[in-house]
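Note sheet for the following structure.
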Amino acid sequence: MARDGNIMTMEQRNLIMGILLLVFAISFYVLTYQFTGYELEEMPGDVGPTFLPRLMLAALALESTFLISFSLRKKGKCSPDSVKPKPVWHSRPIIMFGAFLVYVYLATLFGYIASTIAFLILSFYLLGVHRVWVLVVVPPVITLATYYLFETLLDVCLPTGSIF
Amino acid sequence: MFVDLVAGWETVLNIKLILIILFSVPLGITVGVLPGIGATVGVTVLLPLTFGMDPVLGICMLIAVYCGAFYGGAVSAILINTPGTPAAICTILDGYPMARKGQAHRALTASVVASFIGGVFSVLVLTFCAPLIAKVALKFSYTEYFAIALFGIIMVITSSSRKSFLKGLVMGTFGLFLAGVGQDKMGTVERFTFGILDFSRGIPLLPVLVGLFAISQALLLTEQGARKVELEKMEQKEGLWNVFKLLGKFKMTLLKSSLIGTGVGAIPGTGAAISSFVAYSEAKRASKCPEKFGTGYIEGVIASESSNNSVTGGALIPLLTLGIPGDPITAVMLGAFLVHGLIPGPMLFVESGPFVYAIFATMLVTYFLVLAYGYFGAYLFAAILKLREAILVPSILVISFIGAYAVNSSLFDVGLALIFGVVGYFFTKFEFPLPPIVMGLILGPIAEEGLRQSLMVSDGSWTIFMTKPISAVFLLVTVLIMAHKAYVLLSPRTPPDLST
């Protein structure tokens with residue numbers, strides 16, 4: 001499993017996440033100066049609608065700085081995490097997520113039943129189910145059972161499309 | 001109270017609701033049995049089933065799933081040495097060795113009886129204590145709510161960040177930031193909406209829950225590949241009555257563990273895993289044969305299971321009386337309440353008393369059913385452990401899609417769930433805990449409104465939070481926890497390894 005992933009130590013991960021969060025916090029802090037709308041300024045004592053977002057973004061920036069600083073200080077030093085770098089991502093979840101994304105799009109185009117059957121067959125196959133009878137029987141059963149349960153019994157609206 | 005209690009039971013003793021509970025309990029046990037699914041993911045995934053239901057039926061169904069899942073974790077802990085839920089972590093210590101000795105059925109029976117007793121105990125405490133707490137909470141002002149919300153967030157950060165408090169703090173702060181998205185509740189200021197109308201009402205809770213707990217978990221499960229499950233055999237059968245009699249010998253352990261579970265559960269941010277550890281340690285300390293613990297001793301299973309199941313009633317106390325969830329599962333339950341147009345808190349007891357008591361009655365009925373299903377269906381639930389991820393993961397994704405889409409028939413919500421699914425996946429890979437995000441998102445608006453309203457009342461004076469005893473105590477504890485964690489994190493003797 002490890003060979004198809006991106007190998008990183010925990011310090012490298014913390015460093016990357018720290019930098020990303022710091023950039024995020026600073027960018028959104030700047031955006032707080034562009035809030036639009038009517039503010040109840042006349043209320044005495046009120047800290048206003050920008051107070052909490054700014055406070056949280058400042059705190060996030062500070063915490064990210066600590067995260068970066070601790071990661072840099074520990075970088076190169078021996079630790080259990082450093083010894084065993086782990087893959088950050090694997091190919092299977094990415095493929096699975098891609099398939100799910102396409103499924104969501106197709107569900108709005110072709111409808112719940114057609115797209116769900118197709119998604120289930122594809123994802124079962126991708127995840128290692130290769131028995132033909134399982135691929136033929138289980139996806140339609142799950143799809144029709146959920147459709148009947150939600151749409152008919154529970155009155156929950158499911159996407160309808162050009163097919164069904 | 002008595003009138004509401006009777007009305008609550010009348011609601012539950014309805015054939016439709018009984019059928020729903022009969023169907024939901026095994027569903028709950030099933031999600032608890034499956035490692036990697038657990039109560040939080042299970043309740044999140046099953047939430048869409050309730051959308052079309054009457055609110056009472058829907059919430060009672062989820063309550064039954066919630067209680068069932070807590071027991072389910074013990075089955076996999078005993079049979080495959082893997083806890084189905086974190087709550088069953090201590091059940092492994094003696095449950096699995098019992099199974100290795102050929103006493104799997106005895107361990108399972110003891111666990112279901114202990115779960116039943118712990119669960120019933122906590123429901124009784126909930127039934128009699130919650131209305132009293134709600135009565136006190138009716139007098140709370142914004143100041144108290146601000147303090148309790150802040151305390152709740154810090155407790156969840158502390159409990160879910162055992163590897164790194166800093167990472168938990170980052171996630172809690174991120175959650176509080178997310179709570180600030182949308183139109184300001186006390187004016188019309190648009191905050192981070194980027195002109196998108198859907199963002200004006202804030203970030204909806206349900207897609208976040210579905211993304212963080214269901215989609216990200218499904219993606220993580222795909223990494224594991226095919227799991228080879230080797231079940232311990234259940235050759236020696238144990239009679240239910242024999243186990244009840246056997247448990248009579250450990251009545252003090254049962255009582256203490258149930259008390260610990262209910263008490264710990266009632267504290268926001270603690271949860272079943274902590275209560276299980278505390279009860280197990282206490283049972284070992286007080287036992288006449290502490291050396292037997294960890295070798296397949298039935299008292300260990302009893303302590304762990306009675307305490308983790310008694311958390312269910314305890315955890316509902318802050319949710320129902322204050323509207324403040326104490327852990328991710330009750331956060332999902334809060335989402336369910338909101339989807340059905342119900343707002344938990346002291347007013348719920350005033351406005352919907354029979355409904356609240358129907359919840360309590362449902363829990364009681366559920367635990368009787370857990371006992372029946374757990375004893376007679378042990379073989380069936382064991383067989384569920386053989387269900388492959390290849391079937392499970394796509395099914396979770398399909399139901400997640402329905403869950404995110406169905407509330408508003410909105411693709412915007414599905415998009416949010418997808419984004420939070422990816423965010424949750426990477427945060428988990430980077431070992432950042434997810435529960436603080438949800439708690440920040442839920443408690444953020446309560447904290448912000450509490451802060452602003454209190455300051456307006458006090459004309460901008462921050463001392464208002466110290467003049468009211470309840471808020472002063474909660475804030476003081478919060479500050480002490482933060483100060484302790486900051487000291488440990490920044491102490492020169494502690495290596496900066498983010499492990500504080």
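Naming works like this for the structure tokens: A, B, ... for the chains as they're shown, residue 1 at the start of each chain, ligands 1 onward in shown order.
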*asked:* Residues of chain A within 7 Å of chain B, counting only C-alpha atoms, what are they? List them as a PyMOL selection string.
replied: chain A and resi 13+35-40+43-47+49+52-53+56-57+60+63+70+74+88+90+92-93+120+123-124+127-129+150+154-158
_Residues near region 91-98 of chain B, anyone? I mean within 6 Å using only C-alpha atoms, not counting same-chain ones fewer than 5 positions away, as a list in words._
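In the requested format, the answer is Ala77, Ile78, Asn81, Gln103, Ala107, Gly294, Thr295, Gly296, Tyr297, Gly300, Val301 and Ser304 of chain B.
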Residues as selected, C-alpha atoms, written as a short mmCIF file (atom, residue, chain, number, x, y, z; two decimals), in the first residue's frame, can you do that?
data_model
loop_
_atom_site.label_atom_id
_atom_site.label_comp_id
_atom_site.auth_asym_id
_atom_site.auth_seq_id
_atom_site.Cartn_x
_atom_site.Cartn_y
_atom_site.Cartn_z
CA ALA B 77 -13.99 -6.44 20.82
CA ILE B 78 -14.68 -9.92 22.21
CA ASN B 81 -9.91 -8.30 19.38
CA GLN B 103 -15.80 -18.55 26.77
CA ALA B 107 -18.25 -12.93 27.58
CA GLY B 294 -6.49 -8.59 31.76
CA THR B 295 -6.39 -12.38 31.74
CA GLY B 296 -10.00 -13.03 30.79
CA TYR B 297 -11.78 -12.07 34.01
CA GLY B 300 -13.36 -6.55 33.64
CA VAL B 301 -15.96 -7.03 30.91
CA SER B 304 -16.19 -1.73 30.90
#
Determine which residues of region 42-163 of chain A receive a DSSP assignment of strand (DSSP E or B), computed from the backbone, and state them as a short mmCIF file (atom, residue, chain, number, x, y, z; two decimals) with N, CA and C atoms, in the first residue's frame.
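The result, stored in part.cif:
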data_model
loop_
_atom_site.label_atom_id
_atom_site.label_comp_id
_atom_site.auth_asym_id
_atom_site.auth_seq_id
_atom_site.Cartn_x
_atom_site.Cartn_y
_atom_site.Cartn_z
N LYS A 86 5.05 7.81 6.79
CA LYS A 86 3.88 7.10 6.26
C LYS A 86 3.37 7.80 5.00
N PRO A 87 2.67 7.06 4.16
CA PRO A 87 2.11 7.72 2.97
C PRO A 87 0.96 8.65 3.36
N GLY A 111 -30.50 10.72 -13.12
CA GLY A 111 -31.38 10.27 -12.06
C GLY A 111 -30.68 9.31 -11.10
N THR A 160 -33.93 13.28 -9.66
CA THR A 160 -34.52 12.66 -10.85
C THR A 160 -33.79 13.21 -12.07
#
_If I take CA of Thr85 (chain B) and CA of Tyr71 (chain B), how far is one from the other in Å, to one decimal?_
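Spanning CA of Thr85 (chain B) to CA of Tyr71 (chain B) is a straight-line distance of 9.0 Å.
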*asked:* Using only C-alpha atoms, which protein or nucleic acid residues come within 12 Å of Tyr145 (chain B)? Drop anything in the same chain fewer than 4 positions from it, and give the result as an MDAnalysis selection string.
replied: chainID B and resid 137:141 149:152 318 321:324 345:346 443:454 465 468 470:472 474:475
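Here CA of Val138 (chain A) stands at a distance of 24.2 Å from CA of Gly377 (chain B).
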_As an exercise, work out the distance from CA of Gly119 (chain B) to CA of Tyr357 (chain B) in Å and give it to one decimal place._
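Distance between the two atoms: 15.9 Å.
The smallest atom-to-atom distance between Leu209 (chain B) and any of B:Val488, B:Leu47, B:Cys67, B:Ala134, using only C-alpha atoms, is found for B:Leu47.
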*From A:Ile94, A:Ser71, A:Leu21, A:Ala99, residue lying nearest Ala59 (chain A) [only C-alpha atoms]*: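 Ranking A:Ile94, A:Ser71, A:Leu21, A:Ala99 by distance to Ala59 (chain A), first place goes to A:Leu21.
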*asked:* Quick check for you: according to DSSP on this backbone, which residues of region 83-118 of chain B are classed as helix (DSSP H, G or I)? Reply as a PyMOL selection string.
replied: chain B and resi 86-100+104-118
Export of prior selection with N, CA and C atoms as a JSON list (two decimals), in the first residue's frame:
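The resulting file, result.json, is shown below:
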[["chain", "number", "residue", "atom", "x", "y", "z"],
["B", 86, "PRO", "N", -14.82, 3.09, 19.96],
["B", 86, "PRO", "CA", -13.76, 3.37, 20.94],
["B", 86, "PRO", "C", -14.21, 3.04, 22.37],
["B", 87, "ALA", "N", -15.53, 3.10, 22.58],
["B", 87, "ALA", "CA", -16.07, 2.84, 23.92],
["B", 87, "ALA", "C", -15.75, 1.43, 24.42],
["B", 88, "ALA", "N", -15.55, 0.51, 23.47],
["B", 88, "ALA", "CA", -15.34, -0.90, 23.87],
["B", 88, "ALA", "C", -13.87, -1.25, 24.03],
["B", 89, "ILE", "N", -13.03, -0.25, 24.08],
["B", 89, "ILE", "CA", -11.58, -0.49, 24.11],
["B", 89, "ILE", "C", -11.17, -1.33, 25.32],
["B", 90, "CYS", "N", -11.80, -1.08, 26.47],
["B", 90, "CYS", "CA", -11.43, -1.84, 27.67],
["B", 90, "CYS", "C", -12.07, -3.21, 27.71],
["B", 91, "THR", "N", -13.11, -3.40, 26.89],
["B", 91, "THR", "CA", -13.77, -4.72, 26.85],
["B", 91, "THR", "C", -12.82, -5.76, 26.27],
["B", 92, "ILE", "N", -11.93, -5.29, 25.39],
["B", 92, "ILE", "CA", -10.94, -6.19, 24.78],
["B", 92, "ILE", "C", -10.08, -6.85, 25.85],
["B", 93, "LEU", "N", -9.69, -6.06, 26.85],
["B", 93, "LEU", "CA", -8.69, -6.51, 27.83],
["B", 93, "LEU", "C", -9.05, -7.84, 28.48],
["B", 94, "ASP", "N", -10.35, -8.04, 28.75],
["B", 94, "ASP", "CA", -10.75, -9.31, 29.34],
["B", 94, "ASP", "C", -11.68, -10.11, 28.43],
["B", 95, "GLY", "N", -12.40, -9.41, 27.56],
["B", 95, "GLY", "CA", -13.36, -10.09, 26.68],
["B", 95, "GLY", "C", -12.66, -11.01, 25.70],
["B", 96, "TYR", "N", -11.62, -10.51, 25.06],
["B", 96, "TYR", "CA", -10.92, -11.33, 24.07],
["B", 96, "TYR", "C", -10.20, -12.52, 24.71],
["B", 97, "PRO", "N", -9.48, -12.32, 25.83],
["B", 97, "PRO", "CA", -8.88, -13.49, 26.49],
["B", 97, "PRO", "C", -9.94, -14.54, 26.90],
["B", 98, "MET", "N", -11.13, -14.07, 27.30],
["B", 98, "MET", "CA", -12.21, -15.02, 27.62],
["B", 98, "MET", "C", -12.57, -15.83, 26.38],
["B", 99, "ALA", "N", -12.68, -15.12, 25.26],
["B", 99, "ALA", "CA", -13.03, -15.81, 24.00],
["B", 99, "ALA", "C", -11.94, -16.82, 23.63],
["B", 100, "ARG", "N", -10.69, -16.46, 23.86],
["B", 100, "ARG", "CA", -9.57, -17.37, 23.54],
["B", 100, "ARG", "C", -9.63, -18.63, 24.41],
["B", 104, "ALA", "N", -16.35, -17.38, 24.71],
["B", 104, "ALA", "CA", -16.83, -16.23, 23.93],
["B", 104, "ALA", "C", -18.30, -15.93, 24.22],
["B", 105, "HIS", "N", -19.11, -16.98, 24.26],
["B", 105, "HIS", "CA", -20.55, -16.77, 24.48],
["B", 105, "HIS", "C", -20.80, -16.20, 25.87],
["B", 106, "ARG", "N", -20.03, -16.67, 26.86],
["B", 106, "ARG", "CA", -20.17, -16.17, 28.22],
["B", 106, "ARG", "C", -19.78, -14.68, 28.27],
["B", 107, "ALA", "N", -18.69, -14.34, 27.60],
["B", 107, "ALA", "CA", -18.25, -12.93, 27.58],
["B", 107, "ALA", "C", -19.30, -12.05, 26.90],
["B", 108, "LEU", "N", -19.86, -12.56, 25.79],
["B", 108, "LEU", "CA", -20.87, -11.78, 25.08],
["B", 108, "LEU", "C", -22.13, -11.62, 25.93],
["B", 109, "THR", "N", -22.51, -12.70, 26.61],
["B", 109, "THR", "CA", -23.72, -12.62, 27.45],
["B", 109, "THR", "C", -23.49, -11.67, 28.63],
["B", 110, "ALA", "N", -22.30, -11.77, 29.24],
["B", 110, "ALA", "CA", -21.99, -10.86, 30.35],
["B", 110, "ALA", "C", -21.99, -9.42, 29.85],
["B", 111, "SER", "N", -21.45, -9.21, 28.65],
["B", 111, "SER", "CA", -21.37, -7.83, 28.14],
["B", 111, "SER", "C", -22.77, -7.28, 27.85],
["B", 112, "VAL", "N", -23.66, -8.13, 27.33],
["B", 112, "VAL", "CA", -24.99, -7.61, 27.01],
["B", 112, "VAL", "C", -25.80, -7.35, 28.29],
["B", 113, "VAL", "N", -25.62, -8.22, 29.29],
["B", 113, "VAL", "CA", -26.34, -7.99, 30.55],
["B", 113, "VAL", "C", -25.81, -6.73, 31.24],
["B", 114, "ALA", "N", -24.48, -6.58, 31.25],
["B", 114, "ALA", "CA", -23.88, -5.39, 31.87],
["B", 114, "ALA", "C", -24.30, -4.13, 31.12],
["B", 115, "SER", "N", -24.33, -4.22, 29.79],
["B", 115, "SER", "CA", -24.76, -3.07, 28.98],
["B", 115, "SER", "C", -26.19, -2.70, 29.32],
["B", 116, "PHE", "N", -27.02, -3.72, 29.46],
["B", 116, "PHE", "CA", -28.43, -3.51, 29.79],
["B", 116, "PHE", "C", -28.57, -2.81, 31.15],
["B", 117, "ILE", "N", -27.84, -3.32, 32.14],
["B", 117, "ILE", "CA", -27.96, -2.73, 33.48],
["B", 117, "ILE", "C", -27.42, -1.29, 33.49],
["B", 118, "GLY", "N", -26.26, -1.11, 32.88],
["B", 118, "GLY", "CA", -25.67, 0.24, 32.80],
["B", 118, "GLY", "C", -26.59, 1.20, 32.06]]
